file start-v2.cif (mmCIF, C-alpha atoms)
data_protein
#
loop_
_atom_site.group_PDB
_atom_site.id
_atom_site.type_symbol
_atom_site.label_atom_id
_atom_site.label_comp_id
_atom_site.auth_asym_id
_atom_site.auth_seq_id
_atom_site.Cartn_x
_atom_site.Cartn_y
_atom_site.Cartn_z
ATOM 1 C CA MET A 1 -12.188 -37.252 6.426
ATOM 2 C CA ARG A 2 -14.572 -35.138 4.330
ATOM 3 C CA THR A 3 -13.270 -32.256 2.269
ATOM 4 C CA CYS A 4 -14.449 -28.655 2.534
ATOM 5 C CA SER A 5 -16.629 -28.971 -0.588
ATOM 6 C CA GLN A 6 -18.391 -32.037 0.886
ATOM 7 C CA LEU A 7 -19.297 -30.075 4.017
ATOM 8 C CA LEU A 8 -21.016 -27.281 2.055
ATOM 9 C CA ASP A 9 -24.600 -27.176 0.872
ATOM 10 C CA VAL A 10 -25.667 -25.980 -2.565
ATOM 11 C CA PHE A 11 -25.669 -22.324 -1.500
ATOM 12 C CA GLY A 12 -22.244 -22.692 0.098
ATOM 13 C CA VAL A 13 -20.755 -24.251 -3.018
ATOM 14 C CA ALA A 14 -22.234 -21.471 -5.181
ATOM 15 C CA LEU A 15 -20.930 -18.798 -2.807
ATOM 16 C CA TYR A 16 -17.447 -20.293 -2.640
ATOM 17 C CA SER A 17 -17.354 -20.700 -6.425
ATOM 18 C CA MET A 18 -18.331 -17.068 -6.961
ATOM 19 C CA LEU A 19 -15.709 -15.858 -4.481
ATOM 20 C CA THR A 20 -13.078 -18.060 -6.119
ATOM 21 C CA LEU A 21 -13.994 -16.561 -9.493
ATOM 22 C CA MET A 22 -13.609 -13.063 -8.017
ATOM 23 C CA SER A 23 -10.152 -13.794 -6.628
ATOM 24 C CA THR A 24 -9.110 -15.414 -9.916
ATOM 25 C CA MET A 25 -10.314 -12.414 -11.904
ATOM 26 C CA SER A 26 -8.451 -10.081 -9.530
ATOM 27 C CA LEU A 27 -5.245 -11.978 -10.157
ATOM 28 C CA LEU A 28 -5.736 -12.106 -13.941
ATOM 29 C CA LEU A 29 -6.534 -8.389 -14.134
ATOM 30 C CA TYR A 30 -3.420 -7.657 -12.100
ATOM 31 C CA LEU A 31 -1.221 -9.756 -14.390
ATOM 32 C CA GLU A 32 -2.628 -8.012 -17.458
ATOM 33 C CA GLU A 33 -2.013 -4.659 -15.793
ATOM 34 C CA CYS A 34 1.579 -5.662 -15.045
ATOM 35 C CA VAL A 35 2.135 -6.285 -18.761
ATOM 36 C CA PHE A 36 0.793 -2.814 -19.562
ATOM 37 C CA ILE A 37 2.909 -1.161 -16.853
ATOM 38 C CA TYR A 38 6.017 -3.042 -17.972
ATOM 39 C CA ARG A 39 5.594 -1.748 -21.525
ATOM 40 C CA LYS A 40 4.443 1.805 -20.860
ATOM 41 C CA VAL A 41 6.055 2.942 -17.589
ATOM 42 C CA PRO A 42 9.804 3.627 -17.370
ATOM 43 C CA SER A 43 12.096 2.023 -14.807
ATOM 44 C CA PRO A 44 12.367 1.971 -11.836
ATOM 45 C CA LYS A 45 8.875 3.350 -11.253
ATOM 46 C CA LYS A 46 7.194 0.431 -13.000
ATOM 47 C CA THR A 47 8.514 -2.060 -10.426
ATOM 48 C CA THR A 48 7.202 0.087 -7.594
ATOM 49 C CA ILE A 49 3.773 0.413 -9.217
ATOM 50 C CA MET A 50 3.592 -3.352 -9.690
ATOM 51 C CA TRP A 51 4.279 -3.881 -5.983
ATOM 52 C CA VAL A 52 1.654 -1.350 -4.908
ATOM 53 C CA ASN A 53 -0.953 -2.649 -7.354
ATOM 54 C CA GLY A 54 -0.417 -6.220 -6.197
ATOM 55 C CA ALA A 55 -1.700 -5.592 -2.662
ATOM 56 C CA ALA A 56 -5.403 -6.222 -3.339
ATOM 57 C CA PRO A 57 -4.962 -9.220 -5.725
ATOM 58 C CA VAL A 58 -2.453 -10.938 -3.419
ATOM 59 C CA ILE A 59 -4.671 -10.467 -0.370
ATOM 60 C CA ALA A 60 -7.712 -11.726 -2.319
ATOM 61 C CA THR A 61 -5.791 -14.791 -3.514
ATOM 62 C CA MET A 62 -4.512 -15.625 -0.045
ATOM 63 C CA ALA A 63 -8.006 -15.116 1.393
ATOM 64 C CA CYS A 64 -9.337 -17.574 -1.195
ATOM 65 C CA PHE A 65 -6.769 -20.184 -0.154
ATOM 66 C CA GLY A 66 -7.653 -19.618 3.489
ATOM 67 C CA MET A 67 -11.361 -19.952 2.689
ATOM 68 C CA TRP A 68 -10.953 -23.330 1.006
ATOM 69 C CA ILE A 69 -8.222 -24.610 3.346
ATOM 70 C CA PRO A 70 -8.983 -23.260 6.848
ATOM 71 C CA ARG A 71 -5.980 -25.003 8.388
ATOM 72 C CA ALA A 72 -3.716 -22.923 6.141
ATOM 73 C CA THR A 73 -5.101 -19.608 7.426
ATOM 74 C CA MET A 74 -1.992 -19.013 9.507
ATOM 75 C CA PHE A 75 0.211 -19.234 6.399
ATOM 76 C CA THR A 76 -2.102 -17.227 4.137
ATOM 77 C CA ASP A 77 -2.499 -14.413 6.684
ATOM 78 C CA MET A 78 1.239 -14.216 7.275
ATOM 79 C CA THR A 79 1.877 -14.105 3.523
ATOM 80 C CA SER A 80 -0.646 -11.301 2.981
ATOM 81 C CA ASN A 81 0.641 -9.276 5.929
ATOM 82 C CA SER A 82 4.281 -9.675 4.887
ATOM 83 C CA TYR A 83 3.473 -8.572 1.335
ATOM 84 C CA PHE A 84 1.559 -5.550 2.554
ATOM 85 C CA ALA A 85 4.477 -4.622 4.818
ATOM 86 C CA VAL A 86 6.577 -4.268 1.671
ATOM 87 C CA VAL A 87 3.757 -2.289 0.009
ATOM 88 C CA VAL A 88 3.896 0.302 2.823
ATOM 89 C CA TYR A 89 7.533 0.972 1.960
ATOM 90 C CA LYS A 90 6.806 0.915 -1.778
ATOM 91 C CA VAL A 91 4.112 3.581 -1.395
ATOM 92 C CA LEU A 92 6.744 5.883 0.105
ATOM 93 C CA ILE A 93 9.080 5.097 -2.790
ATOM 94 C CA LEU A 94 6.245 5.735 -5.269
ATOM 95 C CA LEU A 95 5.669 9.221 -3.847
ATOM 96 C CA ILE A 96 9.375 9.938 -4.287
ATOM 97 C CA GLU A 97 9.561 8.542 -7.822
ATOM 98 C CA GLU A 98 6.444 10.431 -8.901
ATOM 99 C CA SER A 99 8.280 13.559 -7.743
ATOM 100 C CA GLY A 100 11.158 12.741 -10.087
ATOM 101 C CA GLY A 101 13.372 10.481 -7.994
ATOM 102 C CA ASN A 102 15.672 10.993 -5.033
ATOM 103 C CA GLU A 103 17.851 13.787 -6.363
ATOM 104 C CA THR A 104 15.030 15.678 -8.052
ATOM 105 C CA PHE A 105 12.926 15.409 -4.907
ATOM 106 C CA LEU A 106 15.727 16.826 -2.755
ATOM 107 C CA LYS A 107 16.446 19.569 -5.281
ATOM 108 C CA ARG A 108 12.780 20.520 -5.464
ATOM 109 C CA ASN A 109 12.353 20.678 -1.674
ATOM 110 C CA TYR A 110 15.781 21.670 -0.374
ATOM 111 C CA LYS A 111 14.559 25.068 0.852
ATOM 112 C CA LYS A 112 11.273 23.767 2.211
ATOM 113 C CA THR A 113 10.186 22.382 5.561
ATOM 114 C CA PHE A 114 7.880 19.421 6.113
ATOM 115 C CA LYS A 115 5.015 19.274 8.558
ATOM 116 C CA ILE A 116 5.315 16.143 10.715
ATOM 117 C CA SER A 117 2.255 16.556 12.941
ATOM 118 C CA THR A 118 0.233 13.896 11.148
ATOM 119 C CA GLY A 119 -1.162 10.479 11.917
ATOM 120 C CA PRO A 120 -0.838 7.902 13.154
ATOM 121 C CA CYS A 121 1.821 9.058 15.629
ATOM 122 C CA CYS A 122 1.578 12.826 16.012
ATOM 123 C CA CYS A 123 -1.828 13.888 14.684
ATOM 124 C CA CYS A 124 -2.636 15.275 18.167
ATOM 125 C CA CYS A 125 0.559 17.364 18.315
ATOM 126 C CA PRO A 126 0.018 20.380 16.021
ATOM 127 C CA CYS A 127 2.649 22.323 17.967
ATOM 128 C CA LEU A 128 5.483 20.197 16.571
ATOM 129 C CA PRO A 129 7.953 22.334 14.584
ATOM 130 C CA ARG A 130 8.334 21.888 10.849
ATOM 131 C CA VAL A 131 11.404 19.899 9.820
ATOM 132 C CA PRO A 132 13.725 21.060 7.016
ATOM 133 C CA VAL A 133 14.171 18.686 4.107
ATOM 134 C CA THR A 134 17.696 17.271 4.287
ATOM 135 C CA ARG A 135 19.339 14.061 3.198
ATOM 136 C CA ARG A 136 19.344 12.884 6.815
ATOM 137 C CA MET A 137 15.612 13.497 7.175
ATOM 138 C CA PHE A 138 15.056 11.839 3.799
ATOM 139 C CA PHE A 139 17.000 8.765 4.966
ATOM 140 C CA LEU A 140 15.056 8.546 8.240
ATOM 141 C CA LEU A 141 11.740 8.589 6.388
ATOM 142 C CA LYS A 142 12.865 5.686 4.230
ATOM 143 C CA LEU A 143 14.269 3.804 7.209
ATOM 144 C CA GLY A 144 11.046 4.222 9.167
ATOM 145 C CA ALA A 145 9.041 2.509 6.428
ATOM 146 C CA LEU A 146 11.699 -0.074 5.527
ATOM 147 C CA GLN A 147 12.051 -1.432 9.072
ATOM 148 C CA TYR A 148 8.473 -2.701 8.972
ATOM 149 C CA ALA A 149 8.980 -4.530 5.684
ATOM 150 C CA ILE A 150 12.020 -6.346 7.097
ATOM 151 C CA LEU A 151 10.962 -6.988 10.696
ATOM 152 C CA LYS A 152 7.395 -7.954 9.820
ATOM 153 C CA THR A 153 8.642 -10.638 7.446
ATOM 154 C CA LEU A 154 11.130 -11.978 9.984
ATOM 155 C CA LEU A 155 8.539 -12.000 12.774
ATOM 156 C CA SER A 156 6.052 -13.752 10.480
ATOM 157 C CA ILE A 157 8.564 -16.521 9.804
ATOM 158 C CA LEU A 158 9.267 -16.762 13.550
ATOM 159 C CA SER A 159 5.539 -16.927 14.301
ATOM 160 C CA ILE A 160 5.042 -19.787 11.840
ATOM 161 C CA ILE A 161 7.940 -21.704 13.378
ATOM 162 C CA LEU A 162 6.502 -21.207 16.874
ATOM 163 C CA TRP A 163 3.008 -22.105 15.637
ATOM 164 C CA THR A 164 4.159 -25.435 14.190
ATOM 165 C CA ASN A 165 5.661 -26.216 17.615
ATOM 166 C CA GLY A 166 2.475 -25.212 19.429
ATOM 167 C CA ASN A 167 3.970 -22.095 21.052
ATOM 168 C CA PHE A 168 2.036 -19.473 19.050
ATOM 169 C CA ASP A 169 -1.746 -19.344 19.502
ATOM 170 C CA THR A 170 -3.685 -16.183 18.702
ATOM 171 C CA SER A 171 -6.685 -17.469 20.682
ATOM 172 C CA ASP A 172 -4.600 -17.709 23.861
ATOM 173 C CA LEU A 173 -4.449 -14.306 25.544
ATOM 174 C CA GLU A 174 -2.280 -15.432 28.464
ATOM 175 C CA ILE A 175 0.834 -13.406 29.168
ATOM 176 C CA THR A 176 2.970 -16.521 28.769
ATOM 177 C CA ASN A 177 1.859 -16.976 25.166
ATOM 178 C CA THR A 178 4.360 -15.683 22.606
ATOM 179 C CA ALA A 179 1.536 -14.221 20.494
ATOM 180 C CA SER A 180 0.747 -11.820 23.349
ATOM 181 C CA TRP A 181 4.235 -10.341 22.920
ATOM 182 C CA ILE A 182 4.816 -10.581 19.178
ATOM 183 C CA ASN A 183 1.499 -9.097 17.997
ATOM 184 C CA PRO A 184 1.696 -5.875 20.100
ATOM 185 C CA PHE A 185 5.294 -5.394 18.947
ATOM 186 C CA ILE A 186 4.180 -5.746 15.324
ATOM 187 C CA GLY A 187 1.473 -3.170 16.033
ATOM 188 C CA VAL A 188 4.090 -0.681 17.216
ATOM 189 C CA LEU A 189 6.212 -1.344 14.113
ATOM 190 C CA THR A 190 3.157 -0.772 11.934
ATOM 191 C CA ILE A 191 2.403 2.622 13.476
ATOM 192 C CA ILE A 192 6.041 3.696 13.134
ATOM 193 C CA SER A 193 6.114 2.695 9.446
ATOM 194 C CA LEU A 194 2.852 4.442 8.562
ATOM 195 C CA TRP A 195 4.054 7.777 9.946
ATOM 196 C CA PRO A 196 6.808 8.471 7.336
ATOM 197 C CA VAL A 197 4.429 7.580 4.499
ATOM 198 C CA ALA A 198 1.785 9.951 5.884
ATOM 199 C CA ILE A 199 4.379 12.733 6.258
ATOM 200 C CA MET A 200 5.538 12.296 2.681
ATOM 201 C CA PHE A 201 2.021 12.231 1.281
ATOM 202 C CA MET A 202 0.797 15.248 3.245
ATOM 203 C CA ASN A 203 3.684 17.372 1.982
ATOM 204 C CA THR A 204 3.631 16.217 -1.665
ATOM 205 C CA CYS A 205 -0.068 15.679 -2.435
ATOM 206 C CA ASN A 206 -0.526 19.166 -3.897
ATOM 207 C CA THR A 207 2.481 18.775 -6.177
ATOM 208 C CA LEU A 208 1.341 15.331 -7.363
ATOM 209 C CA ARG A 209 -2.297 16.130 -8.057
ATOM 210 C CA SER A 210 -1.695 15.812 -11.795
ATOM 211 C CA VAL A 211 -0.870 12.089 -11.386
ATOM 212 C CA ARG A 212 -3.997 11.563 -9.226
ATOM 213 C CA ILE A 213 -1.987 10.699 -6.156
ATOM 214 C CA ILE A 214 -4.869 11.418 -3.766
ATOM 215 C CA PRO A 215 -7.191 8.627 -4.995
ATOM 216 C CA LYS A 216 -4.182 6.305 -5.306
ATOM 217 C CA TYR A 217 -3.239 6.988 -1.703
ATOM 218 C CA ALA A 218 -6.871 6.552 -0.662
ATOM 219 C CA MET A 219 -6.885 3.052 -2.170
ATOM 220 C CA TYR A 220 -3.718 2.200 -0.246
ATOM 221 C CA GLN A 221 -5.318 3.458 2.971
ATOM 222 C CA LEU A 222 -8.458 1.438 2.260
ATOM 223 C CA VAL A 223 -6.450 -1.757 1.781
ATOM 224 C CA LEU A 224 -4.661 -0.986 5.043
ATOM 225 C CA VAL A 225 -7.887 -0.578 6.997
ATOM 226 C CA LEU A 226 -9.639 -3.588 5.486
ATOM 227 C CA SER A 227 -6.737 -6.029 5.574
ATOM 228 C CA GLN A 228 -5.322 -5.076 8.963
ATOM 229 C CA LEU A 229 -7.863 -3.328 11.178
ATOM 230 C CA GLN A 230 -11.031 -5.020 9.926
ATOM 231 C CA THR A 231 -9.440 -8.462 10.019
ATOM 232 C CA ALA A 232 -8.157 -7.929 13.556
ATOM 233 C CA ILE A 233 -11.592 -6.808 14.781
ATOM 234 C CA ILE A 234 -13.393 -9.756 13.160
ATOM 235 C CA ASN A 235 -10.857 -12.231 14.546
ATOM 236 C CA VAL A 236 -11.187 -10.835 18.068
ATOM 237 C CA LEU A 237 -14.991 -10.967 17.895
ATOM 238 C CA ALA A 238 -14.852 -14.516 16.526
ATOM 239 C CA LEU A 239 -12.558 -15.627 19.358
ATOM 240 C CA ASP A 240 -14.885 -14.030 21.890
ATOM 241 C CA GLY A 241 -17.853 -15.864 20.393
ATOM 242 C CA THR A 242 -19.685 -12.653 19.451
ATOM 243 C CA ILE A 243 -19.757 -13.585 15.766
ATOM 244 C CA ALA A 244 -19.168 -16.906 14.057
ATOM 245 C CA CYS A 245 -17.497 -16.040 10.778
ATOM 246 C CA SER A 246 -14.108 -15.564 9.200
ATOM 247 C CA PRO A 247 -12.982 -12.443 7.329
ATOM 248 C CA GLN A 248 -11.882 -14.284 4.169
ATOM 249 C CA GLN A 249 -15.198 -14.136 2.314
ATOM 250 C CA LEU A 250 -15.723 -10.434 2.932
ATOM 251 C CA MET A 251 -12.074 -9.732 2.140
ATOM 252 C CA ILE A 252 -12.313 -11.302 -1.327
ATOM 253 C CA VAL A 253 -15.247 -9.097 -2.325
ATOM 254 C CA GLU A 254 -13.584 -5.947 -0.974
ATOM 255 C CA MET A 255 -10.238 -6.646 -2.624
ATOM 256 C CA PHE A 256 -11.950 -7.411 -5.945
ATOM 257 C CA ILE A 257 -13.613 -3.988 -5.943
ATOM 258 C CA ILE A 258 -10.342 -2.288 -4.967
ATOM 259 C CA THR A 259 -8.558 -4.133 -7.789
ATOM 260 C CA LEU A 260 -11.001 -2.663 -10.306
ATOM 261 C CA VAL A 261 -10.549 0.867 -8.932
ATOM 262 C CA THR A 262 -6.757 0.699 -8.821
ATOM 263 C CA ARG A 263 -6.731 -0.679 -12.347
ATOM 264 C CA ALA A 264 -8.577 2.430 -13.526
ATOM 265 C CA LEU A 265 -6.044 4.650 -11.713
ATOM 266 C CA TYR A 266 -2.800 2.946 -12.728
ATOM 267 C CA ARG A 267 -3.535 1.482 -16.149
ATOM 268 C CA ARG A 268 -2.813 4.753 -17.903
ATOM 269 C CA THR A 269 0.154 7.003 -18.478
ATOM 270 C CA TYR A 270 0.689 10.378 -16.838
ATOM 271 C CA ASP A 271 2.934 13.225 -17.900
ATOM 272 C CA PRO A 272 6.004 13.405 -15.631
ATOM 273 C CA LEU A 273 6.518 16.422 -13.436
ATOM 274 C CA PRO A 274 9.106 18.950 -14.650
ATOM 275 C CA SER A 275 12.479 18.443 -12.977
ATOM 276 C CA ASP A 276 12.710 22.176 -12.373
ATOM 277 C CA PRO A 277 9.776 23.615 -10.394
ATOM 278 C CA HIS A 278 10.082 26.842 -12.424
ATOM 279 C CA GLU A 279 10.155 25.024 -15.748
ATOM 280 C CA THR A 280 6.403 25.259 -16.263
ATOM 281 C CA ASP A 281 6.400 29.010 -15.671
ATOM 282 C CA ASN A 282 9.302 29.453 -18.071
ATOM 283 C CA ASP A 283 7.480 27.447 -20.748
ATOM 284 C CA GLN A 284 4.377 29.560 -20.345
ATOM 285 C CA ASN A 285 6.395 32.775 -20.605
ATOM 286 C CA THR A 286 8.114 31.455 -23.721
ATOM 287 C CA ASN A 287 4.784 30.629 -25.343
ATOM 288 C CA ILE A 288 3.492 34.119 -24.576
ATOM 289 C CA SER A 289 6.602 35.755 -26.059
ATOM 290 C CA LEU A 290 6.319 33.606 -29.191
ATOM 291 C CA GLN A 291 2.671 34.427 -29.641
ATOM 292 C CA ALA A 292 3.145 38.192 -29.141
ATOM 293 C CA PRO A 293 4.630 38.884 -32.621
ATOM 294 C CA GLN A 294 1.734 36.969 -34.203
ATOM 295 C CA TRP A 295 -0.767 39.149 -32.367
ATOM 296 C CA GLU A 296 1.078 42.316 -33.471
ATOM 297 C CA HIS A 297 1.179 41.120 -37.058
ATOM 298 C CA ALA A 298 -2.529 40.366 -36.984
ATOM 299 C CA ALA A 299 -3.203 43.833 -35.583
#
call {"tool": "encode", "arguments": {"input": "start-v2.cif", "output": "structure tokens"}}
result
Amino acid sequence: MRTCSQLLDVFGVALYSMLTLMSTMSLLLYLEECVFIYRKVPSPKKTTIMWVNGAAPVIATMACFGMWIPRATMFTDMTSNSYFAVVVYKVLILLIEESGGNETFLKRNYKKTFKISTGPCCCCCPCLPRVPVTRRMFFLLKLGALQYAILKTLLSILSIILWTNGNFDTSDLEITNTASWINPFIGVLTIISLWPVAIMFMNTCNTLRSVRIIPKYAMYQLVLVLSQLQTAIINVLALDGTIACSPQQLMIVEMFIITLVTRALYRRTYDPLPSDPHETDNDQNTNISLQAPQWEHAA
């Protein structure tokens, strides 16, 4: 039986080598960035940042394995999807930790209300009332994102077990196929988990502008679209015979570019937000009062 490299022509070998180099560079840049984050960022935020930053390099690495070993695509896709399920929860935790942590976040927002009419669940429901920030609401937001990280991993393991027994086939769209039941259920879990993260971001983005949370969140959204939605569309079109390609090659290039952008965003230190929302105003007033005698003396 011939190997994958023996089946490729000169152009194919050059293309695969270049894509392998891209995925390798993504992984090396991520490891170097982890060293920087470990030294410069305090705990526990540094662990969360490492998880979030690892989305693009992990997906690129798994796509490279799937490109060279097509029979392992089931395992590489499940690994990438399970990792990204954890990243969804970690993005929520990152928004909280950038706000100062659990207690500081609750203290800062205890008199505020959060708008929940946002995607992907309730973007068409602007009439929904605003919800006060309480510990119960805070717990539900975390639970909504955490359930996906847990259930997605368990369902991925179950899918692999069924696949090895011949009971899980994504190309079989019959109602009796287990994939026809598991995949839609995972889709529902995904939508439910994305909603709490979107709620948290929409209500904290103005406060966290100083740490460039908007471009960071945009990179997370881009990884979501490319790794989940784009891959699903390409796979469906490939099964239908409309196109004859796999998403791995395109995914490696996309994740390499995202790795470079996220490196520029995270490989730096930001000043933490003041624990007291009025602390900045008090500091400014203090500076003015200290400078006033100097102005009088100069006059």
call {"tool": "resolve_selection", "arguments": {"input": "start-v2.cif", "expression": "the PyMOL selection byres ((chain A and resi 74-83) around 8)", "output": "PyMOL selection string"}}
result
chain A and resi 55+58-59+62-63+65-66+71-73+84-87+149+152-153+156+160+228
call {"tool": "atom_distance", "arguments": {"input": "start-v2.cif", "atom1": "atom CA of A:Glu97", "atom2": "atom CA of A:Val225"}}
result
24.6 Å
call {"tool": "atom_distance", "arguments": {"input": "start-v2.cif", "atom1": "atom CA of A:Leu106", "atom2": "atom CA of A:Ala145"}}
result
18.3 Å
call {"tool": "closest_residue", "arguments": {"input": "start-v2.cif", "among": "A:Cys64, A:Leu21, A:Cys34, A:Ile186", "to": "A:Gln249", "atoms": "only C-alpha atoms"}}
result
A:Cys64
call {"tool": "atom_distance", "arguments": {"input": "start-v2.cif", "atom1": "atom CA of A:Ser99", "atom2": "atom CA of A:Val211"}}
result
10.0 Å
call {"tool": "residues_near_point", "arguments": {"input": "start-v2.cif", "point": "(6.3, 0.1, 13.8)", "cutoff": "10 Å", "atoms": "all atoms listed in the file", "output": "PyMOL selection string"}}
result
chain A and resi 144-149+151-152+184-195
call {"tool": "closest_residue", "arguments": {"input": "start-v2.cif", "among": "A:Arg267, A:Pro120, A:Val261, A:Met67", "to": "A:Val35", "atoms": "all atoms listed in the file"}}
result
A:Arg267
call {"tool": "resolve_selection", "arguments": {"input": "start-v2.cif", "expression": "the PyMOL selection byres ((chain A and resi 262) around 9)", "output": "list in words"}}
result
Asn53, Ala56, Pro215, Lys216, Met219, Ile257, Ile258, Thr259, Leu260, Val261, Arg263, Ala264, Leu265, Tyr266 and Arg267 of chain A
call {"tool": "decode", "arguments": {"input": "start-v2.cif", "residues": "stretch 83-102 of chain A", "atoms": "N, CA, C and O atoms", "output": "PDB file, in the first residue's frame"}}
result
ATOM      1  N   TYR A  83     -11.303  20.672  22.075  1.00  0.00           N
ATOM      2  CA  TYR A  83     -10.460  21.753  22.608  1.00  0.00           C
ATOM      3  C   TYR A  83     -11.169  23.092  22.489  1.00  0.00           C
ATOM      4  O   TYR A  83     -11.165  23.895  23.434  1.00  0.00           O
ATOM      5  N   PHE A  84     -11.786  23.341  21.332  1.00  0.00           N
ATOM      6  CA  PHE A  84     -12.443  24.625  21.160  1.00  0.00           C
ATOM      7  C   PHE A  84     -13.662  24.745  22.073  1.00  0.00           C
ATOM      8  O   PHE A  84     -14.035  25.860  22.463  1.00  0.00           O
ATOM      9  N   ALA A  85     -14.290  23.636  22.428  1.00  0.00           N
ATOM     10  CA  ALA A  85     -15.397  23.695  23.377  1.00  0.00           C
ATOM     11  C   ALA A  85     -14.926  24.232  24.725  1.00  0.00           C
ATOM     12  O   ALA A  85     -15.642  24.997  25.388  1.00  0.00           O
ATOM     13  N   VAL A  86     -13.719  23.852  25.127  1.00  0.00           N
ATOM     14  CA  VAL A  86     -13.149  24.390  26.362  1.00  0.00           C
ATOM     15  C   VAL A  86     -12.797  25.865  26.184  1.00  0.00           C
ATOM     16  O   VAL A  86     -12.956  26.676  27.104  1.00  0.00           O
ATOM     17  N   VAL A  87     -12.338  26.241  24.984  1.00  0.00           N
ATOM     18  CA  VAL A  87     -11.967  27.635  24.718  1.00  0.00           C
ATOM     19  C   VAL A  87     -13.177  28.550  24.855  1.00  0.00           C
ATOM     20  O   VAL A  87     -13.061  29.678  25.352  1.00  0.00           O
ATOM     21  N   VAL A  88     -14.358  28.092  24.437  1.00  0.00           N
ATOM     22  CA  VAL A  88     -15.576  28.900  24.579  1.00  0.00           C
ATOM     23  C   VAL A  88     -15.792  29.277  26.044  1.00  0.00           C
ATOM     24  O   VAL A  88     -16.076  30.436  26.380  1.00  0.00           O
ATOM     25  N   TYR A  89     -15.636  28.300  26.919  1.00  0.00           N
ATOM     26  CA  TYR A  89     -15.781  28.578  28.359  1.00  0.00           C
ATOM     27  C   TYR A  89     -14.654  29.472  28.863  1.00  0.00           C
ATOM     28  O   TYR A  89     -14.877  30.385  29.680  1.00  0.00           O
ATOM     29  N   LYS A  90     -13.437  29.261  28.364  1.00  0.00           N
ATOM     30  CA  LYS A  90     -12.300  30.052  28.817  1.00  0.00           C
ATOM     31  C   LYS A  90     -12.403  31.511  28.373  1.00  0.00           C
ATOM     32  O   LYS A  90     -11.891  32.399  29.057  1.00  0.00           O
ATOM     33  N   VAL A  91     -13.045  31.769  27.238  1.00  0.00           N
ATOM     34  CA  VAL A  91     -13.245  33.158  26.821  1.00  0.00           C
ATOM     35  C   VAL A  91     -14.140  33.881  27.818  1.00  0.00           C
ATOM     36  O   VAL A  91     -13.901  35.049  28.167  1.00  0.00           O
ATOM     37  N   LEU A  92     -15.180  33.202  28.290  1.00  0.00           N
ATOM     38  CA  LEU A  92     -16.040  33.792  29.323  1.00  0.00           C
ATOM     39  C   LEU A  92     -15.236  34.082  30.585  1.00  0.00           C
ATOM     40  O   LEU A  92     -15.367  35.167  31.192  1.00  0.00           O
ATOM     41  N   ILE A  93     -14.408  33.134  30.995  1.00  0.00           N
ATOM     42  CA  ILE A  93     -13.583  33.321  32.187  1.00  0.00           C
ATOM     43  C   ILE A  93     -12.586  34.461  31.976  1.00  0.00           C
ATOM     44  O   ILE A  93     -12.309  35.244  32.890  1.00  0.00           O
ATOM     45  N   LEU A  94     -12.056  34.594  30.761  1.00  0.00           N
ATOM     46  CA  LEU A  94     -11.111  35.672  30.471  1.00  0.00           C
ATOM     47  C   LEU A  94     -11.773  37.039  30.617  1.00  0.00           C
ATOM     48  O   LEU A  94     -11.166  37.974  31.167  1.00  0.00           O
ATOM     49  N   LEU A  95     -13.003  37.171  30.148  1.00  0.00           N
ATOM     50  CA  LEU A  95     -13.724  38.438  30.303  1.00  0.00           C
ATOM     51  C   LEU A  95     -13.912  38.779  31.780  1.00  0.00           C
ATOM     52  O   LEU A  95     -13.812  39.950  32.175  1.00  0.00           O
ATOM     53  N   ILE A  96     -14.158  37.762  32.587  1.00  0.00           N
ATOM     54  CA  ILE A  96     -14.337  37.990  34.027  1.00  0.00           C
ATOM     55  C   ILE A  96     -13.004  38.365  34.681  1.00  0.00           C
ATOM     56  O   ILE A  96     -12.930  39.302  35.485  1.00  0.00           O
ATOM     57  N   GLU A  97     -11.943  37.649  34.338  1.00  0.00           N
ATOM     58  CA  GLU A  97     -10.648  37.915  34.960  1.00  0.00           C
ATOM     59  C   GLU A  97     -10.062  39.249  34.514  1.00  0.00           C
ATOM     60  O   GLU A  97      -9.362  39.910  35.287  1.00  0.00           O
ATOM     61  N   GLU A  98     -10.335  39.654  33.276  1.00  0.00           N
ATOM     62  CA  GLU A  98      -9.889  40.980  32.843  1.00  0.00           C
ATOM     63  C   GLU A  98     -10.630  42.074  33.594  1.00  0.00           C
ATOM     64  O   GLU A  98     -10.124  43.195  33.732  1.00  0.00           O
ATOM     65  N   SER A  99     -11.810  41.765  34.104  1.00  0.00           N
ATOM     66  CA  SER A  99     -12.576  42.722  34.903  1.00  0.00           C
ATOM     67  C   SER A  99     -12.165  42.728  36.361  1.00  0.00           C
ATOM     68  O   SER A  99     -12.745  43.468  37.163  1.00  0.00           O
ATOM     69  N   GLY A 100     -11.196  41.880  36.726  1.00  0.00           N
ATOM     70  CA  GLY A 100     -10.698  41.852  38.091  1.00  0.00           C
ATOM     71  C   GLY A 100     -10.979  40.593  38.865  1.00  0.00           C
ATOM     72  O   GLY A 100     -10.586  40.477  40.021  1.00  0.00           O
ATOM     73  N   GLY A 101     -11.691  39.638  38.278  1.00  0.00           N
ATOM     74  CA  GLY A 101     -12.031  38.414  38.978  1.00  0.00           C
ATOM     75  C   GLY A 101     -13.491  38.387  39.384  1.00  0.00           C
ATOM     76  O   GLY A 101     -14.252  39.339  39.160  1.00  0.00           O
ATOM     77  N   ASN A 102     -13.899  37.290  39.984  1.00  0.00           N
ATOM     78  CA  ASN A 102     -15.311  37.084  40.316  1.00  0.00           C
ATOM     79  C   ASN A 102     -15.851  38.161  41.253  1.00  0.00           C
ATOM     80  O   ASN A 102     -16.869  38.805  40.969  1.00  0.00           O
TER      81      ASN A 102
END
